[in-house]
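So this one's input36.cif, mmCIF, C-alpha atoms:
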```
data_upload
loop_
_atom_site.label_atom_id
_atom_site.label_comp_id
_atom_site.auth_asym_id
_atom_site.auth_seq_id
_atom_site.Cartn_x
_atom_site.Cartn_y
_atom_site.Cartn_z
CA MET A 1 119.79 70.40 96.02
CA GLU A 2 120.81 73.02 98.54
CA ASN A 3 120.48 72.16 102.20
CA GLU A 4 119.00 75.50 103.12
CA VAL A 5 116.08 77.62 101.92
CA ILE A 6 116.00 81.37 102.51
CA LEU A 7 112.62 83.09 102.66
CA TRP A 8 112.70 86.83 102.04
CA LYS A 9 110.11 89.39 102.96
CA ALA A 10 109.93 93.14 102.45
CA PRO A 11 107.94 94.41 105.44
CA GLN A 12 105.49 97.18 104.71
CA LEU A 13 106.04 100.57 106.26
CA GLY A 14 104.64 100.63 109.80
CA ARG A 15 105.33 96.95 110.47
CA ARG A 16 107.59 96.21 113.43
CA ALA A 17 109.95 94.39 111.14
CA GLU A 18 112.80 93.79 113.56
CA GLN A 19 110.44 92.57 116.27
CA GLU A 20 108.65 90.17 113.89
CA ILE A 21 111.96 88.42 113.27
CA VAL A 22 112.29 87.86 117.02
CA ASP A 23 108.67 87.19 118.04
CA GLY A 24 107.23 85.81 114.81
CA PHE A 25 104.36 87.09 112.67
CA ASP A 26 101.10 88.03 114.40
CA PRO A 27 98.07 86.32 112.78
CA GLN A 28 95.92 89.35 113.63
CA GLN A 29 98.25 91.59 111.64
CA TYR A 30 98.20 89.19 108.67
CA PRO A 31 94.64 87.89 108.25
CA GLY A 32 93.52 85.51 105.48
CA ASN A 33 96.38 84.37 103.25
CA GLY A 34 98.87 85.71 105.80
CA PRO A 35 102.30 87.13 105.04
CA TYR A 36 103.91 86.51 101.64
CA PHE A 37 107.51 85.42 101.22
CA THR A 38 109.80 84.81 98.29
CA THR A 39 112.86 82.66 97.78
CA VAL A 40 114.31 85.29 95.41
CA LYS A 41 116.10 88.20 97.06
CA ALA A 42 115.58 90.40 93.96
CA ILE A 43 111.79 90.04 94.22
CA ALA A 44 111.79 91.08 97.88
CA GLU A 45 114.09 93.99 97.07
CA GLY A 46 111.65 95.15 94.39
CA PHE A 47 109.01 95.53 97.09
CA ALA A 48 111.52 96.89 99.62
CA SER A 49 112.34 99.74 97.23
CA ILE A 50 108.66 100.76 97.44
CA TYR A 51 108.07 100.18 101.17
CA GLY A 52 111.44 101.47 102.40
CA ASN A 53 111.36 99.28 105.51
CA GLY A 54 114.26 96.91 104.93
CA LEU A 55 114.40 93.17 104.39
CA GLN A 56 113.53 90.18 106.56
CA GLU A 57 115.45 86.98 106.00
CA ILE A 58 114.49 83.55 107.37
CA HIS A 59 116.74 80.52 106.91
CA PHE A 60 115.22 77.04 107.16
CA SER A 61 116.94 73.73 106.62
CA ARG A 62 115.61 72.12 103.43
CA MET A 63 114.10 69.34 105.57
CA VAL A 64 112.16 71.75 107.80
CA PHE A 65 111.01 73.82 104.81
CA ASP A 66 109.79 70.76 102.86
CA ASN A 67 107.99 69.52 105.95
CA LEU A 68 106.22 72.89 106.40
CA VAL A 69 105.15 72.83 102.74
CA ALA A 70 103.95 69.22 102.99
CA ARG A 71 101.85 70.09 106.05
CA GLY A 72 100.33 73.13 104.33
CA VAL A 73 101.90 75.60 106.75
CA ILE A 74 103.78 77.20 103.87
CA VAL A 75 101.64 77.41 100.71
CA ALA A 76 103.05 77.95 97.22
CA ASP A 77 101.35 80.54 95.05
CA THR A 78 101.75 81.58 91.45
CA PHE A 79 102.16 85.33 91.55
CA TYR A 80 105.72 84.56 90.41
CA ASP A 81 107.36 81.50 88.87
CA PRO A 82 106.97 78.16 90.69
CA ASN A 83 109.04 77.86 93.87
CA GLU A 84 109.55 81.64 94.04
CA SER A 85 106.52 82.81 96.00
CA TYR A 86 104.81 81.48 99.13
CA CYS A 87 102.33 82.56 101.77
CA VAL A 88 101.61 81.35 105.29
CA PRO A 89 97.87 81.41 106.05
CA ALA A 90 97.04 83.24 109.27
CA ALA A 91 95.67 80.03 110.78
CA ARG A 92 99.09 78.35 110.40
CA LEU A 93 101.28 81.21 111.56
CA THR A 94 101.77 79.80 115.07
CA GLU A 95 103.37 76.69 113.57
CA PHE A 96 105.47 78.81 111.22
CA ASN A 97 106.63 81.00 114.10
CA GLU A 98 107.66 77.88 116.04
CA ALA A 99 109.68 76.66 113.06
CA MET A 100 111.33 80.09 112.75
CA LYS A 101 112.86 79.53 116.18
CA GLN A 102 114.73 76.51 114.79
CA GLY A 103 116.08 78.55 111.89
CA ARG A 104 118.26 81.65 111.64
CA CYS A 105 116.48 84.96 111.12
CA PHE A 106 117.81 88.40 110.28
CA TYR A 107 116.57 91.87 109.57
CA GLU A 108 118.49 94.36 107.42
CA LYS A 109 117.45 97.98 107.83
CA PRO A 110 117.01 100.09 104.70
CA LEU A 111 120.16 101.82 103.52
CA VAL A 112 120.03 105.47 104.50
CA VAL A 113 121.33 107.68 101.72
CA ILE A 114 122.98 110.82 103.09
CA MET B 115 87.24 63.79 76.40
CA LEU B 116 89.86 64.56 73.79
CA LEU B 117 92.08 67.58 74.42
CA ARG B 118 90.74 69.26 71.27
CA GLU B 119 87.13 68.87 72.47
CA THR B 120 88.08 70.07 75.93
CA LEU B 121 89.81 73.10 74.48
CA SER B 122 86.87 74.02 72.24
CA CYS B 123 84.44 73.79 75.20
CA ASP B 124 86.62 75.79 77.56
CA MET B 125 87.50 78.49 75.04
CA ASN B 126 84.05 79.92 75.70
CA LYS B 127 85.22 81.03 79.12
CA ASN B 128 86.56 84.38 77.87
CA MET B 129 90.05 83.67 79.16
CA VAL B 130 92.60 86.36 78.38
CA GLU B 131 95.63 85.12 76.48
CA ILE B 132 98.95 85.36 78.27
CA GLY B 133 100.99 88.02 76.46
CA ALA B 134 97.92 90.04 75.52
CA ILE B 135 97.75 93.77 76.21
CA ILE B 136 94.49 94.69 77.90
CA GLU B 137 92.86 97.73 79.45
CA GLY B 138 91.68 97.54 83.02
CA THR B 139 90.00 99.86 85.48
CA VAL B 140 91.63 100.31 88.87
CA ASP B 141 89.23 99.18 91.57
CA ARG B 142 91.56 98.67 94.53
CA ILE B 143 94.95 100.07 95.50
CA GLU B 144 97.04 98.22 98.07
CA PRO B 145 100.57 99.04 99.19
CA TYR B 146 101.78 95.92 97.34
CA GLY B 147 99.93 96.38 94.07
CA LEU B 148 97.04 97.57 91.92
CA PHE B 149 93.87 95.56 91.37
CA LEU B 150 92.06 96.15 88.10
CA ASN B 151 88.87 94.94 86.54
CA HIS B 152 88.93 93.72 82.96
CA ALA B 153 85.68 92.41 81.46
CA GLY B 154 84.63 91.12 84.88
CA GLY B 155 87.97 89.41 85.52
CA LYS B 156 90.52 90.40 88.16
CA VAL B 157 94.00 91.60 87.23
CA VAL B 158 96.75 92.44 89.72
CA VAL B 159 99.87 94.44 88.96
CA LEU B 160 102.31 93.91 91.81
CA GLY B 161 104.28 96.97 92.96
CA PRO B 162 107.61 96.23 91.28
CA GLU B 163 105.84 95.62 87.93
CA VAL B 164 104.25 99.07 87.90
CA SER B 165 107.26 101.17 86.93
CA TRP B 166 110.97 100.80 86.17
CA HIS B 167 111.90 103.96 88.07
CA ASP B 168 109.06 105.44 90.11
CA HIS B 169 108.97 103.74 93.52
CA ARG B 170 106.57 106.09 95.26
CA ASN B 171 103.57 104.81 97.20
CA LEU B 172 100.98 103.52 94.70
CA ARG B 173 98.21 105.50 96.41
CA ASP B 174 100.08 108.69 95.56
CA ARG B 175 100.33 107.74 91.91
CA PHE B 176 96.96 106.18 90.99
CA LYS B 177 93.33 106.58 91.87
CA ILE B 178 90.24 104.39 91.70
CA ARG B 179 88.69 104.24 88.19
CA ASP B 180 91.98 105.05 86.44
CA VAL B 181 92.09 103.10 83.17
CA LEU B 182 95.48 101.48 82.56
CA ARG B 183 97.06 99.32 79.85
CA VAL B 184 98.52 96.10 81.19
CA LEU B 185 100.60 93.29 79.68
CA VAL B 186 99.24 89.95 80.92
CA LEU B 187 102.11 87.84 82.31
CA ARG B 188 100.43 84.82 83.87
CA TYR B 189 97.26 83.48 85.38
CA ASN B 190 97.21 82.68 89.08
CA TYR B 191 95.00 79.57 89.11
CA LYS B 192 94.83 79.43 92.90
CA ASP B 193 93.45 82.94 93.36
CA ASP B 194 91.66 83.25 89.99
CA VAL B 195 93.49 86.42 89.07
CA TYR B 196 95.63 87.52 86.13
CA VAL B 197 99.05 88.88 86.97
CA GLY B 198 100.16 91.77 84.79
CA SER B 199 102.83 94.36 84.21
CA ILE B 200 102.70 98.00 83.25
CA ARG B 201 106.45 98.61 83.19
CA ARG B 202 107.06 95.99 80.51
CA LEU B 203 104.95 98.07 78.12
CA HIS B 204 107.70 100.69 78.36
CA PRO B 205 110.89 98.94 77.23
CA GLU B 206 112.40 102.32 76.35
CA LEU B 207 112.54 103.07 80.10
CA ASN B 208 113.93 99.66 81.07
CA PRO B 209 117.38 100.25 82.64
CA TYR B 210 118.31 96.59 82.06
CA ARG B 211 117.87 97.10 78.31
CA ASP B 212 120.60 99.77 78.39
CA LEU B 213 122.91 97.28 80.06
CA SER B 214 122.31 94.72 77.31
CA ARG B 215 124.03 97.06 74.84
CA LEU B 216 127.33 97.05 76.75
CA ARG B 217 130.30 95.00 75.61
CA PRO B 218 130.86 91.86 77.73
CA GLY B 219 133.29 92.56 80.55
CA THR B 220 132.52 96.30 80.75
CA VAL B 221 133.32 97.51 84.25
CA LEU B 222 130.47 99.38 85.93
CA GLN B 223 130.48 101.31 89.19
CA GLY B 224 127.62 100.52 91.55
CA LYS B 225 126.67 101.05 95.17
CA VAL B 226 126.41 98.16 97.63
CA THR B 227 122.88 98.37 99.05
CA SER B 228 122.53 95.03 100.85
CA LEU B 229 124.75 92.34 102.30
CA ALA B 230 121.88 90.13 103.44
CA GLY B 231 121.87 86.43 102.57
CA ASP B 232 124.41 84.84 100.28
CA GLU B 233 124.37 87.66 97.70
CA VAL B 234 125.60 91.24 97.74
CA THR B 235 123.15 93.64 96.11
CA VAL B 236 124.68 96.36 93.96
CA ALA B 237 122.59 99.26 92.62
CA LEU B 238 123.76 100.85 89.38
CA PRO B 239 123.38 104.58 88.68
CA ASN B 240 120.76 103.96 85.94
CA GLY B 241 118.31 102.36 88.42
CA ALA B 242 119.09 98.69 87.70
CA PHE B 243 120.33 96.48 90.49
CA GLY B 244 121.97 93.07 90.54
CA HIS B 245 123.66 90.53 92.76
CA VAL B 246 127.20 89.33 93.29
CA PRO B 247 127.48 85.92 95.01
CA LYS B 248 129.06 86.56 98.41
CA TYR B 249 131.86 84.10 97.81
CA ARG B 250 132.93 86.21 94.80
CA ALA B 251 132.74 89.56 96.60
CA PRO B 252 135.81 91.02 98.34
CA SER B 253 135.40 90.89 102.11
CA HIS B 254 135.99 94.65 102.46
CA TRP B 255 132.80 95.57 100.56
CA ALA B 256 130.42 97.48 102.81
CA ARG B 257 126.92 98.93 102.44
CA GLY B 258 126.97 102.35 100.77
CA GLN B 259 130.37 101.73 99.17
CA MET B 260 130.89 102.23 95.41
CA VAL B 261 132.34 99.07 93.88
CA PRO B 262 133.42 97.93 90.38
CA VAL B 263 131.35 95.10 88.89
CA VAL B 264 130.84 93.31 85.59
CA ILE B 265 127.72 91.63 84.20
CA THR B 266 127.64 87.83 84.17
CA ALA B 267 123.97 87.31 83.21
CA LEU B 268 121.02 89.50 82.37
CA GLU B 269 117.28 88.97 81.91
CA VAL B 270 116.14 92.24 80.39
CA ASP B 271 112.34 91.94 80.52
CA GLU B 272 112.33 90.32 83.96
CA GLY B 273 114.69 92.99 85.23
CA ARG B 274 117.12 90.51 86.74
CA LEU B 275 120.86 90.97 86.74
CA TRP B 276 123.77 88.83 87.94
CA LEU B 277 127.12 90.48 88.56
CA ASP B 278 130.67 89.63 89.51
CA ALA B 279 133.25 91.70 91.30
CA ALA B 280 135.40 93.25 88.56
CA GLU B 281 138.58 92.25 90.34
CA SER B 282 137.52 88.57 90.29
CA TYR B 283 136.44 88.63 86.64
CA PRO B 284 138.91 87.22 84.09
CA ASN B 285 138.17 89.33 80.95
CA LYS B 286 137.07 92.81 81.83
CA THR B 287 136.90 95.76 79.47
CA VAL B 288 138.46 98.95 80.75
CA ASN B 289 138.20 102.04 78.53
CA GLY B 290 137.20 99.93 75.52
CA SER B 291 140.09 97.44 75.61
CA THR B 292 139.88 93.91 76.98
CA GLU B 293 142.12 93.12 79.91
CA THR B 294 142.79 89.39 80.16
CA LYS B 295 143.92 87.53 83.24
CA GLU B 296 147.41 87.23 81.71
CA LYS B 297 147.54 90.98 81.16
CA GLN B 298 146.37 91.62 84.72
CA ALA B 299 149.06 89.28 86.02
CA ALA B 300 151.67 91.12 84.01
CA ASN B 301 150.64 94.49 85.51
#
```
Represent the supplied structure as structure tokens.
Amino acid sequence: MENEVILWKAPQLGRRAEQEIVDGFDPQQYPGNGPYFTTVKAIAEGFASIYGNGLQEIHFSRMVFDNLVARGVIVADTFYDPNESYCVPAARLTEFNEAMKQGRCFYEKPLVVI
Amino acid sequence: MLLRETLSCDMNKNMVEIGAIIEGTVDRIEPYGLFLNHAGGKVVVLGPEVSWHDHRNLRDRFKIRDVLRVLVLRYNYKDDVYVGSIRRLHPELNPYRDLSRLRPGTVLQGKVTSLAGDEVTVALPNGAFGHVPKYRAPSHWARGQMVPVVITALEVDEGRLWLDAAESYPNKTVNGSTETKEKQAAN
């Protein structure tokens, strides 16, 4: 099993995508089920091609990721195959944001076609 | 209760069979997908499953009360909603299907669109995109650059494609003839 898990997110247009990677995700901006993430880059890119606001990339160690899942901070859902899609309920985003600080996070801007 | 008895009781629930094609009425449009009503049940078609080629905002393409045909892919037990696809009802528009007709090792030209993570994303001119593992990609590849790639795996209906850098691939087909590693070494 790999030692690292990458969570991908395609931020919707209007989101401060680069800032979210630095400051974390604001529960008020993501009420209810909170933001959705995927472990499959292709899935995130499918959404990114619609939103046109780049890609967010969060690396967790496998241990940290499993711990967040076990505590219910990261919740699996079945919009895609098992282990491909997750959400972080708004009420748990503070804990998720704390964990993000232990991981490596990146933002890739959309490719501008000239 | 025996499974057979359980099944016969629960079959009264009007569940839709996975793989069925249904009609639904659009009752909500979100940036990430369409919500439809089918016989009182909820169906969601997530953005990427709407169309193979049209990536415009869903609110510009659909309106409330539109009636759409949807292929049922799965049931989301947690949220009590069916997950469907519209694009899979149009295999003739599927760019990944075109790729499945190519001879193994055919060299394709694609544009690098992302270097994020451990995969390089390459978009092909027909609208399909796939990934080259970073450790297989030449270090000089940059975003926006056209690069030669070959297919290593393909899931047509899912629209998923795995690629390799043509220069790293042992048996590539250039202009219809297969170029083996030995041949490449000789050149």
Neighbours of point (105.5, 76.7, 113.2) within 12 Å, using all atoms listed in the file, written as a list in words: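 Counting all atoms listed in the file, I find these residues within 12 Å of (105.5, 76.7, 113.2): Asp23, Gly24, Phe25, Phe60, Val64, Phe65, Asn67, Leu68, Val69, Arg71, Gly72, Val73, Ile74, Val88, Pro89, Ala90, Ala91, Arg92, Leu93, Thr94, Glu95, Phe96, Asn97, Glu98, Ala99, Met100, Lys101, Gln102 and Gly103 of chain A.
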Mind checking which residues fall within 10 Å of Pro239 of chain B, counting only C-alpha atoms, ignoring those fewer than 2 positions away in the same chain, and posting them as a list of chain:residue names? B:Pro209, B:Leu222, B:Gln223, B:Gly224, B:Lys225, B:Val236, B:Ala237, B:Gly241, B:Ala242, B:Phe243
Per residue of chain A within 7 Å of chain B, which atom pair is closest and at what distance in Å (one decimal), using only C-alpha atoms, listed by chain and increasing number, as CSV?
```
residue,atom,partner,partner_atom,distance
A:Gly46,CA,B:Pro162,CA,5.2
A:Phe47,CA,B:Pro162,CA,6.0
A:Ser49,CA,B:His169,CA,6.4
A:Ile50,CA,B:His169,CA,4.9
A:Asp77,CA,B:Lys192,CA,7.0
A:Thr78,CA,B:Asn190,CA,5.2
A:Phe79,CA,B:Asn190,CA,6.1
A:Glu108,CA,B:Ala230,CA,6.7
A:Leu111,CA,B:Thr227,CA,6.3
```
Excluding Val40 of chain A and any residue of its chain fewer than 5 positions from it, enumerate the residues within 8 Å of it, using all atoms listed in the file, and give them as a compact mmCIF listing (two decimals) with C-alpha atoms, in the coordinates of the input.
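Now in around30.txt:
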```txt
# COMPACT_ATOMS: atom_id res chain seq x y z
CA LEU A 7 112.62 83.09 102.66
CA TRP A 8 112.70 86.83 102.04
CA GLU A 84 109.55 81.64 94.04
```
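Closest approach to Met63 of chain A among A:Glu2, A:Asp26, A:Glu18, A:Asp81 is made by A:Glu2 (distances from only C-alpha atoms).
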Spatial neighbours of Arg211 of chain B, max dist 10 Å, only C-alpha atoms, sep filter under 4 positions, as a compact mmCIF listing (two decimals) with C-alpha atoms, keeping the file's coordinate frame:
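See out-v7.txt below for the written result:
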```txt
# COMPACT_ATOMS: atom_id res chain seq x y z
CA PRO B 205 110.89 98.94 77.23
CA GLU B 206 112.40 102.32 76.35
CA LEU B 207 112.54 103.07 80.10
CA ARG B 215 124.03 97.06 74.84
CA LEU B 216 127.33 97.05 76.75
CA ALA B 242 119.09 98.69 87.70
CA LEU B 268 121.02 89.50 82.37
CA GLU B 269 117.28 88.97 81.91
CA VAL B 270 116.14 92.24 80.39
CA ASP B 271 112.34 91.94 80.52
CA GLY B 273 114.69 92.99 85.23
```
Which residue, B:Leu148, B:Ala267, B:Glu137, B:Trp255, has the smallest gap to Arg175 of chain B when you use all atoms listed in the file? B:Leu148
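Residue nearest Tyr80 of chain A, chosen from B:Asn285, B:Ser199, B:Ala280, B:Ile135 and counting only C-alpha atoms: B:Ser199.
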Separation of atom CA of Gly133 of chain B and atom CA of His152 of chain B, in Å? 14.8 Å
Coordinates of box centre and edge lengths for segment 75-90 of chain A, 5 Å on every side, axis-aligned, as lines of an AutoDock Vina configuration file:
```
center_x = 103.3
center_y = 81.4
center_z = 99.1
size_x = 22.5
size_y = 17.9
size_z = 30.4
```
Report as a ChimeraX atom specification the residues that result from applying the PyMOL selection byres ((chain A and resi 4) around 8) to the structure here. /A:2-3,5-6,59-62
Hey, could you patch up segment 79-114 of chain A with N, CA and C atoms and hand it over as a JSON list (two decimals), in the frame of the given file?
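Okay, rebuild.json is ready:
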```json
[["chain", "number", "residue", "atom", "x", "y", "z"],
["A", 79, "PHE", "N", 101.99, 83.93, 91.96],
["A", 79, "PHE", "CA", 102.16, 85.33, 91.55],
["A", 79, "PHE", "C", 103.49, 85.50, 90.82],
["A", 80, "TYR", "N", 104.43, 84.59, 91.12],
["A", 80, "TYR", "CA", 105.72, 84.56, 90.41],
["A", 80, "TYR", "C", 105.92, 83.13, 89.91],
["A", 81, "ASP", "N", 107.10, 82.84, 89.38],
["A", 81, "ASP", "CA", 107.36, 81.50, 88.87],
["A", 81, "ASP", "C", 107.28, 80.47, 90.00],
["A", 82, "PRO", "N", 107.05, 79.20, 89.65],
["A", 82, "PRO", "CA", 106.97, 78.16, 90.69],
["A", 82, "PRO", "C", 108.21, 78.16, 91.58],
["A", 83, "ASN", "N", 107.97, 77.91, 92.86],
["A", 83, "ASN", "CA", 109.04, 77.86, 93.87],
["A", 83, "ASN", "C", 109.65, 79.23, 94.21],
["A", 84, "GLU", "N", 109.01, 80.31, 93.73],
["A", 84, "GLU", "CA", 109.55, 81.64, 94.04],
["A", 84, "GLU", "C", 108.68, 82.41, 95.04],
["A", 85, "SER", "N", 107.43, 82.02, 95.19],
["A", 85, "SER", "CA", 106.52, 82.81, 96.00],
["A", 85, "SER", "C", 105.66, 81.90, 96.89],
["A", 86, "TYR", "N", 105.55, 82.29, 98.15],
["A", 86, "TYR", "CA", 104.81, 81.48, 99.13],
["A", 86, "TYR", "C", 104.04, 82.40, 100.08],
["A", 87, "CYS", "N", 102.98, 81.85, 100.67],
["A", 87, "CYS", "CA", 102.33, 82.56, 101.77],
["A", 87, "CYS", "C", 102.13, 81.59, 102.92],
["A", 88, "VAL", "N", 101.88, 82.16, 104.10],
["A", 88, "VAL", "CA", 101.61, 81.35, 105.29],
["A", 88, "VAL", "C", 100.26, 81.80, 105.83],
["A", 89, "PRO", "N", 99.21, 81.00, 105.61],
["A", 89, "PRO", "CA", 97.87, 81.41, 106.05],
["A", 89, "PRO", "C", 97.86, 81.77, 107.54],
["A", 90, "ALA", "N", 97.09, 82.76, 107.88],
["A", 90, "ALA", "CA", 97.04, 83.24, 109.27],
["A", 90, "ALA", "C", 96.84, 82.09, 110.25],
["A", 91, "ALA", "N", 96.00, 81.13, 109.87],
["A", 91, "ALA", "CA", 95.67, 80.03, 110.78],
["A", 91, "ALA", "C", 96.87, 79.13, 111.05],
["A", 92, "ARG", "N", 97.92, 79.22, 110.21],
["A", 92, "ARG", "CA", 99.09, 78.35, 110.40],
["A", 92, "ARG", "C", 100.31, 79.11, 110.89],
["A", 93, "LEU", "N", 100.12, 80.39, 111.21],
["A", 93, "LEU", "CA", 101.28, 81.21, 111.56],
["A", 93, "LEU", "C", 101.95, 80.79, 112.88],
["A", 94, "THR", "N", 101.16, 80.25, 113.80],
["A", 94, "THR", "CA", 101.77, 79.80, 115.07],
["A", 94, "THR", "C", 102.80, 78.72, 114.80],
["A", 95, "GLU", "N", 102.44, 77.76, 113.91],
["A", 95, "GLU", "CA", 103.37, 76.69, 113.57],
["A", 95, "GLU", "C", 104.60, 77.24, 112.84],
["A", 96, "PHE", "N", 104.35, 78.20, 111.96],
["A", 96, "PHE", "CA", 105.47, 78.81, 111.22],
["A", 96, "PHE", "C", 106.41, 79.53, 112.18],
["A", 97, "ASN", "N", 105.82, 80.26, 113.13],
["A", 97, "ASN", "CA", 106.63, 81.00, 114.10],
["A", 97, "ASN", "C", 107.48, 80.05, 114.94],
["A", 98, "GLU", "N", 106.91, 78.89, 115.28],
["A", 98, "GLU", "CA", 107.66, 77.88, 116.04],
["A", 98, "GLU", "C", 108.86, 77.40, 115.23],
["A", 99, "ALA", "N", 108.61, 77.14, 113.94],
["A", 99, "ALA", "CA", 109.68, 76.66, 113.06],
["A", 99, "ALA", "C", 110.77, 77.71, 112.90],
["A", 100, "MET", "N", 110.35, 78.99, 112.88],
["A", 100, "MET", "CA", 111.33, 80.09, 112.75],
["A", 100, "MET", "C", 112.37, 80.04, 113.85],
["A", 101, "LYS", "N", 111.93, 79.58, 115.03],
["A", 101, "LYS", "CA", 112.86, 79.53, 116.18],
["A", 101, "LYS", "C", 113.96, 78.51, 115.96],
["A", 102, "GLN", "N", 113.69, 77.51, 115.09],
["A", 102, "GLN", "CA", 114.73, 76.51, 114.79],
["A", 102, "GLN", "C", 115.70, 77.03, 113.72],
["A", 103, "GLY", "N", 115.25, 78.04, 112.98],
["A", 103, "GLY", "CA", 116.08, 78.55, 111.89],
["A", 103, "GLY", "C", 116.88, 79.77, 112.33],
["A", 104, "ARG", "N", 117.52, 80.41, 111.36],
["A", 104, "ARG", "CA", 118.26, 81.65, 111.64],
["A", 104, "ARG", "C", 117.50, 82.78, 110.95],
["A", 105, "CYS", "N", 117.27, 83.86, 111.67],
["A", 105, "CYS", "CA", 116.48, 84.96, 111.12],
["A", 105, "CYS", "C", 117.23, 86.28, 111.27],
["A", 106, "PHE", "N", 117.10, 87.12, 110.27],
["A", 106, "PHE", "CA", 117.81, 88.40, 110.28],
["A", 106, "PHE", "C", 116.90, 89.50, 109.75],
["A", 107, "TYR", "N", 117.26, 90.71, 110.13],
["A", 107, "TYR", "CA", 116.57, 91.87, 109.57],
["A", 107, "TYR", "C", 117.64, 92.87, 109.14],
["A", 108, "GLU", "N", 117.55, 93.34, 107.91],
["A", 108, "GLU", "CA", 118.49, 94.36, 107.42],
["A", 108, "GLU", "C", 117.71, 95.66, 107.22],
["A", 109, "LYS", "N", 118.13, 96.68, 107.94],
["A", 109, "LYS", "CA", 117.45, 97.98, 107.83],
["A", 109, "LYS", "C", 117.67, 98.57, 106.45],
["A", 110, "PRO", "N", 116.78, 99.46, 106.00],
["A", 110, "PRO", "CA", 117.01, 100.09, 104.70],
["A", 110, "PRO", "C", 118.28, 100.94, 104.75],
["A", 111, "LEU", "N", 118.95, 101.01, 103.62],
["A", 111, "LEU", "CA", 120.16, 101.82, 103.52],
["A", 111, "LEU", "C", 119.78, 103.29, 103.52],
["A", 112, "VAL", "N", 120.32, 104.03, 104.45],
["A", 112, "VAL", "CA", 120.03, 105.47, 104.50],
["A", 112, "VAL", "C", 121.01, 106.20, 103.61],
["A", 113, "VAL", "N", 120.48, 106.93, 102.64],
["A", 113, "VAL", "CA", 121.33, 107.68, 101.72],
["A", 113, "VAL", "C", 121.49, 109.09, 102.27],
["A", 114, "ILE", "N", 122.72, 109.47, 102.53],
["A", 114, "ILE", "CA", 122.98, 110.82, 103.09],
["A", 114, "ILE", "C", 123.31, 111.80, 101.96]]
```
